[in-house]
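Just coords28.txt here, compact mmCIF, C-alpha atoms:
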```
# COMPACT_ATOMS: atom_id res chain seq x y z
CA MET S 1 34.11 62.25 127.95
CA ALA S 2 36.05 65.32 126.80
CA PHE S 3 39.74 65.02 126.04
CA LEU S 4 42.61 67.47 125.77
CA THR S 5 45.20 66.77 123.09
CA THR S 6 48.88 67.24 123.77
CA PRO S 7 51.30 68.41 121.06
CA GLU S 8 52.35 64.78 120.67
CA GLY S 9 48.78 63.79 119.76
CA LEU S 10 48.11 62.02 123.06
CA LEU S 11 44.80 62.29 124.88
CA ILE S 12 44.21 63.35 128.48
CA PRO S 13 40.65 63.11 129.88
CA ASP S 14 39.46 66.68 130.48
CA LYS S 15 37.93 65.85 133.85
CA TYR S 16 41.37 64.93 135.19
CA ARG S 17 42.81 68.36 134.39
CA THR S 18 42.80 71.46 136.60
CA ARG S 19 44.21 74.95 136.12
CA GLN S 20 47.24 73.77 138.04
CA GLY S 21 47.67 70.62 135.91
CA ILE S 22 46.72 67.04 136.77
CA ASP S 23 44.09 66.49 139.47
CA MET S 24 46.04 64.88 142.31
CA SER S 25 43.20 63.82 144.61
CA LEU S 26 43.95 60.61 146.52
CA LYS S 27 41.06 58.76 144.95
CA ARG S 28 42.24 59.46 141.43
CA ILE S 29 45.85 58.75 142.32
CA LEU S 30 44.83 55.26 143.48
CA LEU S 31 42.76 54.73 140.33
CA TRP S 32 45.53 55.61 137.95
CA MET S 33 48.15 53.76 139.93
CA LEU S 34 46.13 50.62 139.12
CA LEU S 35 46.53 51.52 135.46
CA ALA S 36 50.27 52.21 135.54
CA ILE S 37 51.80 51.72 132.16
CA ASN S 38 54.14 49.04 130.88
CA CYS S 39 56.68 50.51 128.51
CA LEU S 40 58.90 47.45 128.33
CA GLY S 41 61.13 47.54 125.33
CA MET S 42 61.66 51.32 125.17
CA VAL S 43 65.37 50.74 125.63
CA ALA S 44 65.49 47.33 123.95
CA ALA S 45 68.66 46.40 122.18
CA ALA S 46 68.64 46.85 118.42
CA ALA S 47 68.57 43.08 117.92
CA GLU S 48 65.41 42.78 120.03
CA ARG S 49 63.06 44.36 117.57
CA MET S 50 60.04 43.33 115.57
CA GLN S 51 60.79 41.45 112.38
CA ILE S 52 58.60 42.00 109.31
CA GLU S 53 58.45 39.39 106.56
CA ILE S 54 56.36 39.58 103.38
CA LEU S 55 55.18 36.43 101.57
CA GLU S 56 53.51 36.27 98.16
CA PRO S 57 50.01 34.74 97.75
CA ASP S 58 50.02 30.96 97.86
CA PHE S 59 48.39 28.54 95.43
CA LEU S 60 44.98 28.58 97.12
CA LYS S 61 44.80 32.39 97.03
CA GLU S 62 45.79 32.48 93.38
CA MET S 63 43.13 29.87 92.54
CA ASN S 64 40.49 32.15 94.06
CA GLY S 65 41.79 35.30 92.40
CA ASN S 66 43.01 36.64 95.75
CA THR S 67 46.14 38.75 95.27
CA SER S 68 46.60 39.68 98.95
CA ARG S 69 49.96 38.89 100.49
CA TYR S 70 50.93 37.45 103.86
CA ILE S 71 52.78 39.68 106.35
CA LEU S 72 54.48 38.07 109.34
CA LEU S 73 55.16 40.25 112.40
CA SER S 74 57.32 38.58 115.03
CA GLY S 75 59.39 39.58 118.05
CA PRO S 76 59.25 42.51 120.50
CA ILE S 77 57.48 45.69 119.39
CA ASP S 78 60.21 48.32 119.39
CA VAL S 79 59.80 52.08 119.09
CA ASP S 80 60.81 52.08 115.41
CA ALA S 81 58.49 49.23 114.35
CA PRO S 82 55.76 51.63 113.07
CA GLN S 83 58.23 53.32 110.74
CA ARG S 84 59.29 49.99 109.23
CA LEU S 85 55.71 48.81 108.85
CA ALA S 86 54.74 52.13 107.24
CA GLU S 87 57.34 51.52 104.55
CA VAL S 88 55.82 48.10 103.88
CA LEU S 89 52.24 49.40 103.78
CA ASP S 90 53.17 52.26 101.45
CA ASP S 91 53.03 49.58 98.75
CA PRO S 92 49.34 49.13 97.78
CA LYS S 93 50.07 45.45 97.09
CA ASN S 94 50.38 44.98 100.86
CA HIS S 95 46.93 46.39 101.60
CA TYR S 96 44.25 43.82 102.53
CA ALA S 97 47.06 41.47 103.63
CA ASP S 98 46.67 38.57 106.03
CA VAL S 99 48.90 39.60 108.94
CA TYR S 100 50.17 36.92 111.33
CA ILE S 101 51.40 38.25 114.69
CA HIS S 102 53.66 36.45 117.17
CA SER S 103 55.05 38.80 119.82
CA PRO S 104 55.71 38.97 123.59
CA GLY S 105 54.79 42.67 123.66
CA GLY S 106 56.86 45.83 123.78
CA VAL S 107 56.31 49.57 123.49
CA VAL S 108 52.65 50.43 124.09
CA LEU S 109 52.37 53.55 121.94
CA ALA S 110 54.20 51.84 119.09
CA ALA S 111 51.77 48.89 119.41
CA ILE S 112 48.80 51.23 119.07
CA GLU S 113 50.37 52.95 116.08
CA LEU S 114 50.95 49.59 114.41
CA GLY S 115 47.30 48.67 114.98
CA ARG S 116 46.01 51.89 113.45
CA MET S 117 48.23 51.35 110.40
CA LEU S 118 46.89 47.81 109.97
CA ARG S 119 43.28 49.03 110.16
CA LYS S 120 43.90 51.85 107.66
CA ALA S 121 45.35 49.29 105.21
CA LYS S 122 42.26 47.07 105.74
CA THR S 123 44.32 44.06 106.79
CA ASN S 124 43.17 40.92 108.59
CA THR S 125 45.07 39.75 111.68
CA TYR S 126 45.80 36.28 113.04
CA ILE S 127 47.58 35.29 116.23
CA GLY S 128 50.22 32.93 114.99
CA THR S 129 52.95 32.64 112.41
CA GLY S 130 53.54 30.57 109.30
CA SER S 131 55.58 29.86 106.20
CA LEU S 132 55.23 29.01 102.52
CA GLN S 133 55.88 25.31 101.94
CA ARG S 134 56.06 23.44 98.66
CA ASP S 135 53.76 20.48 98.11
CA THR S 136 56.03 17.80 96.65
CA ASP S 137 53.21 16.09 94.76
CA MET S 138 51.62 19.17 93.19
CA GLY S 139 54.77 21.28 93.01
CA VAL S 140 53.01 24.39 94.30
CA LEU S 141 53.38 26.57 97.39
CA PHE S 142 50.89 26.50 100.25
CA PHE S 143 50.88 28.77 103.29
CA LYS S 144 51.16 26.65 106.43
CA PRO S 145 50.11 28.50 109.61
CA ALA S 146 51.62 27.75 113.02
CA ILE S 147 50.55 28.67 116.54
CA GLY S 148 51.80 31.83 118.21
CA ARG S 149 51.39 34.13 121.19
CA CYS S 150 50.29 37.74 121.36
CA PHE S 151 50.94 39.16 124.82
CA SER S 152 50.95 42.56 126.52
CA ALA S 153 51.30 45.42 123.99
CA CYS S 154 50.87 42.93 121.12
CA ALA S 155 47.28 42.45 122.31
CA LEU S 156 46.63 46.02 121.17
CA THR S 157 48.31 45.69 117.77
CA PHE S 158 46.20 42.60 117.02
CA LEU S 159 43.01 44.69 117.29
CA GLY S 160 44.04 46.64 114.19
CA GLY S 161 42.89 43.86 111.87
CA GLU S 162 39.51 44.49 110.29
CA TYR S 163 38.80 40.76 110.70
CA ARG S 164 40.60 38.87 113.46
CA TRP S 165 41.26 35.18 114.16
CA LEU S 166 42.87 33.16 116.93
CA LEU S 167 44.55 30.08 115.46
CA ALA S 168 43.83 26.87 117.37
CA GLY S 169 46.45 26.55 120.08
CA SER S 170 47.52 30.20 119.94
CA GLU S 171 47.23 32.47 122.99
CA TYR S 172 46.13 36.07 123.63
CA GLY S 173 47.40 37.49 126.91
CA VAL S 174 46.87 40.78 128.75
CA HIS S 175 47.98 42.41 131.97
CA ARG S 176 48.31 45.81 133.56
CA PHE S 177 50.89 47.89 131.76
CA TRP S 178 53.73 49.41 133.75
CA LYS S 179 56.53 51.91 133.34
CA ASP S 180 60.07 50.78 134.11
CA SER S 181 61.21 54.04 135.71
CA THR S 182 60.08 56.40 138.46
CA HIS S 183 59.55 60.10 137.87
CA THR S 184 57.45 62.82 139.45
CA ASN S 185 55.13 62.82 136.45
CA ASP S 186 54.40 59.07 136.41
CA LEU S 187 50.73 59.71 137.28
CA ALA S 188 50.32 62.12 134.39
CA PHE S 189 52.00 59.64 132.08
CA ALA S 190 49.68 56.86 133.27
CA GLN S 191 46.65 59.03 132.59
CA ILE S 192 47.81 59.90 129.11
CA ILE S 193 48.54 56.32 128.08
CA SER S 194 45.37 54.93 129.70
CA ALA S 195 43.23 57.46 127.83
CA ASN S 196 44.91 56.52 124.56
CA ILE S 197 44.47 52.78 125.17
CA GLY S 198 40.77 53.27 125.99
CA ALA S 199 40.19 55.45 122.91
CA TYR S 200 42.02 52.99 120.69
CA ILE S 201 40.04 49.99 121.94
CA ARG S 202 36.78 51.84 121.24
CA ASP S 203 37.95 52.94 117.79
CA MET S 204 38.71 49.32 116.90
CA GLY S 205 35.13 48.33 117.75
CA VAL S 206 36.12 46.20 120.75
CA SER S 207 34.32 46.10 124.10
CA GLY S 208 35.72 48.38 126.81
CA GLU S 209 35.70 45.35 129.10
CA LEU S 210 39.02 44.41 127.52
CA PHE S 211 40.54 47.48 129.20
CA ASP S 212 39.11 46.28 132.52
CA LEU S 213 40.78 42.88 132.07
CA MET S 214 44.09 44.61 131.50
CA ALA S 215 43.70 46.93 134.48
CA ASN S 216 42.67 44.15 136.85
CA THR S 217 45.56 41.80 136.07
CA SER S 218 48.86 42.39 137.88
CA SER S 219 51.76 43.54 135.71
CA SER S 220 53.73 40.56 137.03
CA GLU S 221 51.12 38.11 135.69
CA MET S 222 49.63 37.31 132.31
CA LEU S 223 45.92 36.61 131.84
CA ILE S 224 45.38 34.21 128.93
CA VAL S 225 41.88 35.14 127.76
CA PRO S 226 39.76 32.15 126.63
CA GLU S 227 38.61 32.17 123.01
CA GLN S 228 34.92 32.32 123.92
CA GLU S 229 35.51 35.45 125.99
CA LEU S 230 37.56 36.98 123.17
CA GLU S 231 34.60 36.46 120.85
CA GLU S 232 32.18 37.98 123.37
CA LEU S 233 34.41 41.08 123.63
CA ASN S 234 34.74 41.22 119.82
CA VAL S 235 38.52 40.90 120.16
CA VAL S 236 38.19 37.91 117.82
CA ASN S 237 35.43 38.16 115.20
CA ASN S 238 36.34 35.17 112.98
CA GLY S 239 35.81 37.16 109.80
CA ARG S 240 32.44 38.60 110.78
CA LYS S 241 31.54 42.06 112.07
CA PRO S 242 28.59 42.52 114.47
CA PRO S 243 25.18 42.27 112.76
CA VAL S 244 22.65 45.11 112.77
CA TRP S 245 18.89 44.48 112.89
CA SER S 246 16.43 47.36 112.68
CA ILE S 247 12.84 48.23 111.83
CA GLU S 248 12.71 50.74 108.97
CA ALA S 249 9.92 52.59 107.17
CA ALA S 250 9.50 53.37 103.45
CA GLN S 251 6.44 54.83 101.71
CA GLY S 252 4.31 54.26 104.78
CA ALA S 253 5.25 50.59 105.20
CA ASN S 254 7.47 49.05 107.85
CA TYR S 255 10.07 46.39 107.11
CA LEU S 256 12.68 44.42 109.02
CA ARG S 257 16.27 44.93 107.93
CA GLY S 258 19.32 42.85 108.87
CA GLU S 259 22.86 43.29 107.60
CA GLN S 260 26.32 42.05 108.40
CA ASP S 261 29.81 42.59 106.99
CA SER S 262 32.14 39.64 106.66
CA VAL S 263 35.46 38.83 105.05
CA PHE S 264 33.41 37.50 102.10
CA GLY S 265 31.46 40.76 101.65
CA LYS S 266 28.26 42.29 102.96
CA GLY S 267 24.88 40.60 103.09
CA LYS S 268 21.49 42.20 103.72
CA LEU S 269 18.03 40.74 104.26
CA LEU S 270 14.81 42.74 104.13
CA PHE S 271 11.46 41.32 105.31
CA MET S 272 8.10 42.89 104.55
CA CYS S 273 4.55 41.61 104.96
CA ASP S 274 1.51 42.56 102.92
CA PRO S 275 -1.47 42.73 105.33
CA ASP S 276 -3.97 42.58 102.47
CA SER S 277 -2.69 39.42 100.78
CA GLY S 278 -1.02 37.90 103.82
CA LEU S 279 2.15 37.35 101.77
CA ILE S 280 5.59 37.68 103.34
CA TYR S 281 8.44 38.93 101.16
CA MET S 282 12.18 38.49 101.70
CA THR S 283 14.71 40.47 99.69
CA SER S 284 18.30 39.21 99.66
CA ILE S 285 20.96 41.79 98.78
CA TYR S 286 24.28 40.04 98.19
CA GLU S 287 27.42 42.14 97.65
CA ALA S 288 28.93 39.81 95.07
CA GLY S 289 30.92 42.27 92.95
CA GLN S 290 29.84 43.37 89.47
CA GLU S 291 31.39 40.48 87.56
CA ARG S 292 30.21 37.77 89.95
CA ALA S 293 26.74 39.30 90.25
CA HIS S 294 26.25 39.11 86.48
CA GLN S 295 27.55 35.53 86.40
CA ILE S 296 25.07 34.46 89.07
CA ALA S 297 22.19 36.37 87.47
CA LYS S 298 22.61 34.38 84.24
CA GLY S 299 20.71 31.61 85.98
CA GLY S 300 21.20 27.93 86.62
CA TRP S 301 21.35 28.38 90.40
CA VAL S 302 19.10 26.94 93.06
CA HIS S 303 18.29 29.01 96.14
CA SER S 304 18.03 27.98 99.77
CA LEU S 305 17.26 29.54 103.12
CA MET S 306 19.95 28.82 105.73
CA ASN S 307 18.19 28.66 109.07
CA ASP S 308 20.47 27.78 112.03
CA GLY S 309 22.42 25.38 109.83
CA GLU S 310 19.30 23.84 108.28
CA VAL S 311 19.05 24.31 104.51
CA ILE S 312 15.47 24.93 103.31
CA PRO S 313 14.78 25.09 99.54
CA LEU S 314 13.51 28.43 98.21
CA ASP S 315 11.68 27.85 94.94
CA SER S 316 9.64 31.06 94.87
CA VAL S 317 12.02 33.55 93.17
CA LEU S 318 9.84 36.53 92.26
CA GLU S 319 12.52 38.82 90.81
CA GLN S 320 16.29 39.11 90.46
CA THR S 321 18.13 42.32 89.55
CA ILE S 322 21.63 43.79 89.74
CA THR S 323 22.40 47.18 91.27
CA GLY S 324 26.07 48.04 90.99
CA ALA S 325 27.94 45.23 92.76
CA ASN S 326 24.79 43.92 94.47
CA LEU S 327 22.66 40.98 93.42
CA ASN S 328 19.06 41.56 94.59
CA THR S 329 16.68 38.59 94.79
CA ILE S 330 13.08 38.75 96.03
CA PHE S 331 11.32 35.67 97.42
CA SER S 332 7.92 34.97 98.90
CA LEU S 333 7.98 33.05 102.17
CA SER S 334 5.41 30.81 103.78
CA GLN S 335 4.08 31.65 107.23
CA GLN S 336 5.97 28.63 108.54
CA ASP S 337 9.20 29.98 107.04
CA ALA S 338 8.61 33.27 108.84
CA LYS S 339 7.95 31.51 112.16
CA ASN S 340 11.11 29.44 111.78
CA ILE S 341 13.20 32.54 111.10
CA ALA S 342 11.58 34.28 114.08
CA SER S 343 13.21 31.80 116.46
CA SER S 344 16.58 31.55 114.67
CA THR S 345 20.01 32.64 115.84
CA THR S 346 21.36 32.95 112.28
CA ILE S 347 19.67 33.28 108.90
CA GLY S 348 21.08 33.42 105.39
CA HIS S 349 20.69 32.93 101.66
CA ALA S 350 22.63 30.25 99.77
CA MET S 351 22.94 29.75 96.01
CA GLN S 352 24.15 26.41 94.60
CA THR S 353 24.62 24.99 91.14
CA ASN S 354 22.40 22.08 92.27
CA ARG S 355 20.81 20.87 95.49
CA THR S 356 23.55 18.34 96.24
CA ALA S 357 26.52 20.66 95.58
CA ASP S 358 29.04 20.80 98.41
CA THR S 359 29.73 24.52 97.97
CA PHE S 360 27.56 27.61 97.71
CA VAL S 361 27.76 31.35 97.33
CA GLY S 362 25.79 33.64 99.59
CA PHE S 363 25.84 34.90 103.15
CA ARG S 364 24.31 34.56 106.57
CA ILE S 365 23.41 37.14 109.22
CA ASP S 366 23.64 36.44 112.93
CA ILE S 367 20.88 37.39 115.36
CA ALA S 368 23.38 37.92 118.13
CA ASP S 369 21.79 39.83 121.01
CA LYS S 370 18.52 39.73 122.93
CA GLN S 371 17.27 43.06 121.60
CA SER S 372 17.76 41.96 117.98
CA ALA S 373 16.18 38.58 118.72
CA ARG S 374 13.06 40.29 120.13
CA ARG S 375 12.91 42.64 117.14
CA VAL S 376 13.13 39.79 114.63
CA SER S 377 10.72 37.57 116.55
CA ASN S 378 8.04 40.25 117.08
CA PHE S 379 8.10 41.42 113.47
CA LEU S 380 8.02 38.00 111.78
CA ASN S 381 5.57 36.41 114.18
CA THR S 382 3.24 39.35 113.61
CA CYS S 383 3.72 38.89 109.85
CA ALA S 384 2.87 35.23 110.20
CA GLY S 385 -0.33 36.15 112.03
CA SER S 386 0.55 34.53 115.34
CA GLY S 387 1.42 37.71 117.26
CA PRO S 388 4.58 38.29 119.32
```
Starting from the file, give its structure as structure tokens.
Amino acid sequence: MAFLTTPEGLLIPDKYRTRQGIDMSLKRILLWMLLAINCLGMVAAAAERMQIEILEPDFLKEMNGNTSRYILLSGPIDVDAPQRLAEVLDDPKNHYADVYIHSPGGVVLAAIELGRMLRKAKTNTYIGTGSLQRDTDMGVLFFKPAIGRCFSACALTFLGGEYRWLLAGSEYGVHRFWKDSTHTNDLAFAQIISANIGAYIRDMGVSGELFDLMANTSSSEMLIVPEQELEELNVVNNGRKPPVWSIEAAQGANYLRGEQDSVFGKGKLLFMCDPDSGLIYMTSIYEAGQERAHQIAKGGWVHSLMNDGEVIPLDSVLEQTITGANLNTIFSLSQQDAKNIASSTTIGHAMQTNRTADTFVGFRIDIADKQSARRVSNFLNTCAGSGP
């Protein structure tokens, strides 16, 4: 869809413009009336404004070498909230922060601007609030989260987090936005805001069905979206971006490639079969960081295949190298391993100090949609000699 940009940077769909201005056909009037915009809070009192609190990393973050701070956003989103947040995010120490949001809503355009700022600063967002509390036994500070609500315009700000969580008991609510005044240009205003909301949702990597939920819920009601549906719409991603599975070609040979970004880094798996020898190769590419990659490569680790929660030992390490921040490990798989992976919904590579260790480093990649599942199944079953 083509858009026209106003001097204020707002978007108007080109197909709704005519030489005389906005297309005023009855059909389109009815459509946009359904999407009338809620600008609650535009004239909010000064006291009714979003509060911004910054907390230093707690004990657990410091133990893990994580210097990111906590930022708490609470209260109505007022028109000046973006300016105050911009001042906070001008400090590089507040980039990559964990941002907890607890808000009833507010000014729509300000909410979108807040979200874009949060994404640019590569923050993570949580619906909820929290505080630093001292452990009396250990004498150290821990961050204690608490439930919260993110309603109306806040639902848009929340999308700005690169990784997004819904705390247990917290609520995410949407409805049709509305404007609290009547003017002759209300339809034009509705079109402008609707176009900006739709563009913003797409830019944040969230399903356009979220916009439909908003448009189809009366402005006098609040639809509390269930967590499962939020995950399906990618509103909540629980620290994991959508996986990508593809068939690639290199030097005349085809291979299966899967990759997924997460809050812990990026993981990639490459699968290739040798038709002459019948061997199946898996290459794990783990974005561990230069220092960690060299530590792991020193040895002393045992490797496992994580297959739908089942941990299968991998003893056939053929080669391990480091490329920049990536640790590359090549394994040979049995035909049974390939068949098991072919029917999986998630697959990963774990490295442990010993087989009974409670913790591991590594990653897993989801096989989330039917098209990817068919691609993985056809390729690996063919590799294993059983056909699709």
Quick one: residues within 10 Å of Met214 of chain S, all atoms listed in the file counted, chain neighbours fewer than 2 positions away excluded, as a list in words?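 My list of contacting residues is Leu34, Leu35, Ser152, Ala155, Gly173, Val174, His175, Arg176, Phe177, Glu209, Leu210, Phe211, Asp212, Asn216, Thr217, Ser218, Ser219, Met222 and Leu223 of chain S.
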What separates atom CA of Thr136 of chain S and atom CA of Leu55 of chain S is a distance of 19.3 Å
**Report entry** d(atom CA of Leu327 of chain S, atom CA of Leu270 of chain S) in Å
**Finding:**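 Atom-to-atom, atom CA of Leu327 of chain S to atom CA of Leu270 of chain S, that is 13.4 Å.
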Can you work out which one of S:Gly115, S:Gly139, S:Pro145, S:Gly130 has the shortest atom-to-atom distance to Leu159 of chain S, counting only C-alpha atoms?
->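 Once distances to Leu159 of chain S are computed over only C-alpha atoms, the minimum belongs to S:Gly115.
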Residue neighbourhood Glu310 of chain S, 12 Å, all atoms listed in the file, exclusion window fewer than 6 positions, as a tab-separated table (two decimals) with C-alpha atoms, keeping the file's coordinate frame:
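Result written to result_18.tsv:
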```tsv
chain	number	residue	atom	x	y	z
S	304	SER	CA	18.03	27.98	99.77
S	337	ASP	CA	9.20	29.98	107.04
S	340	ASN	CA	11.11	29.44	111.78
S	341	ILE	CA	13.20	32.54	111.10
S	344	SER	CA	16.58	31.55	114.67
S	345	THR	CA	20.01	32.64	115.84
S	346	THR	CA	21.36	32.95	112.28
S	347	ILE	CA	19.67	33.28	108.90
S	348	GLY	CA	21.08	33.42	105.39
S	349	HIS	CA	20.69	32.93	101.66
S	350	ALA	CA	22.63	30.25	99.77
S	364	ARG	CA	24.31	34.56	106.57
```
Point to revise | Minimum-distance residue to Asn326 of chain S, chosen among S:Val79, S:Ala168, S:Ala297, S:Ile52 (using only C-alpha atoms) | key: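 Of S:Val79, S:Ala168, S:Ala297, S:Ile52, the one nearest Asn326 of chain S is S:Ala297, counting only C-alpha atoms.
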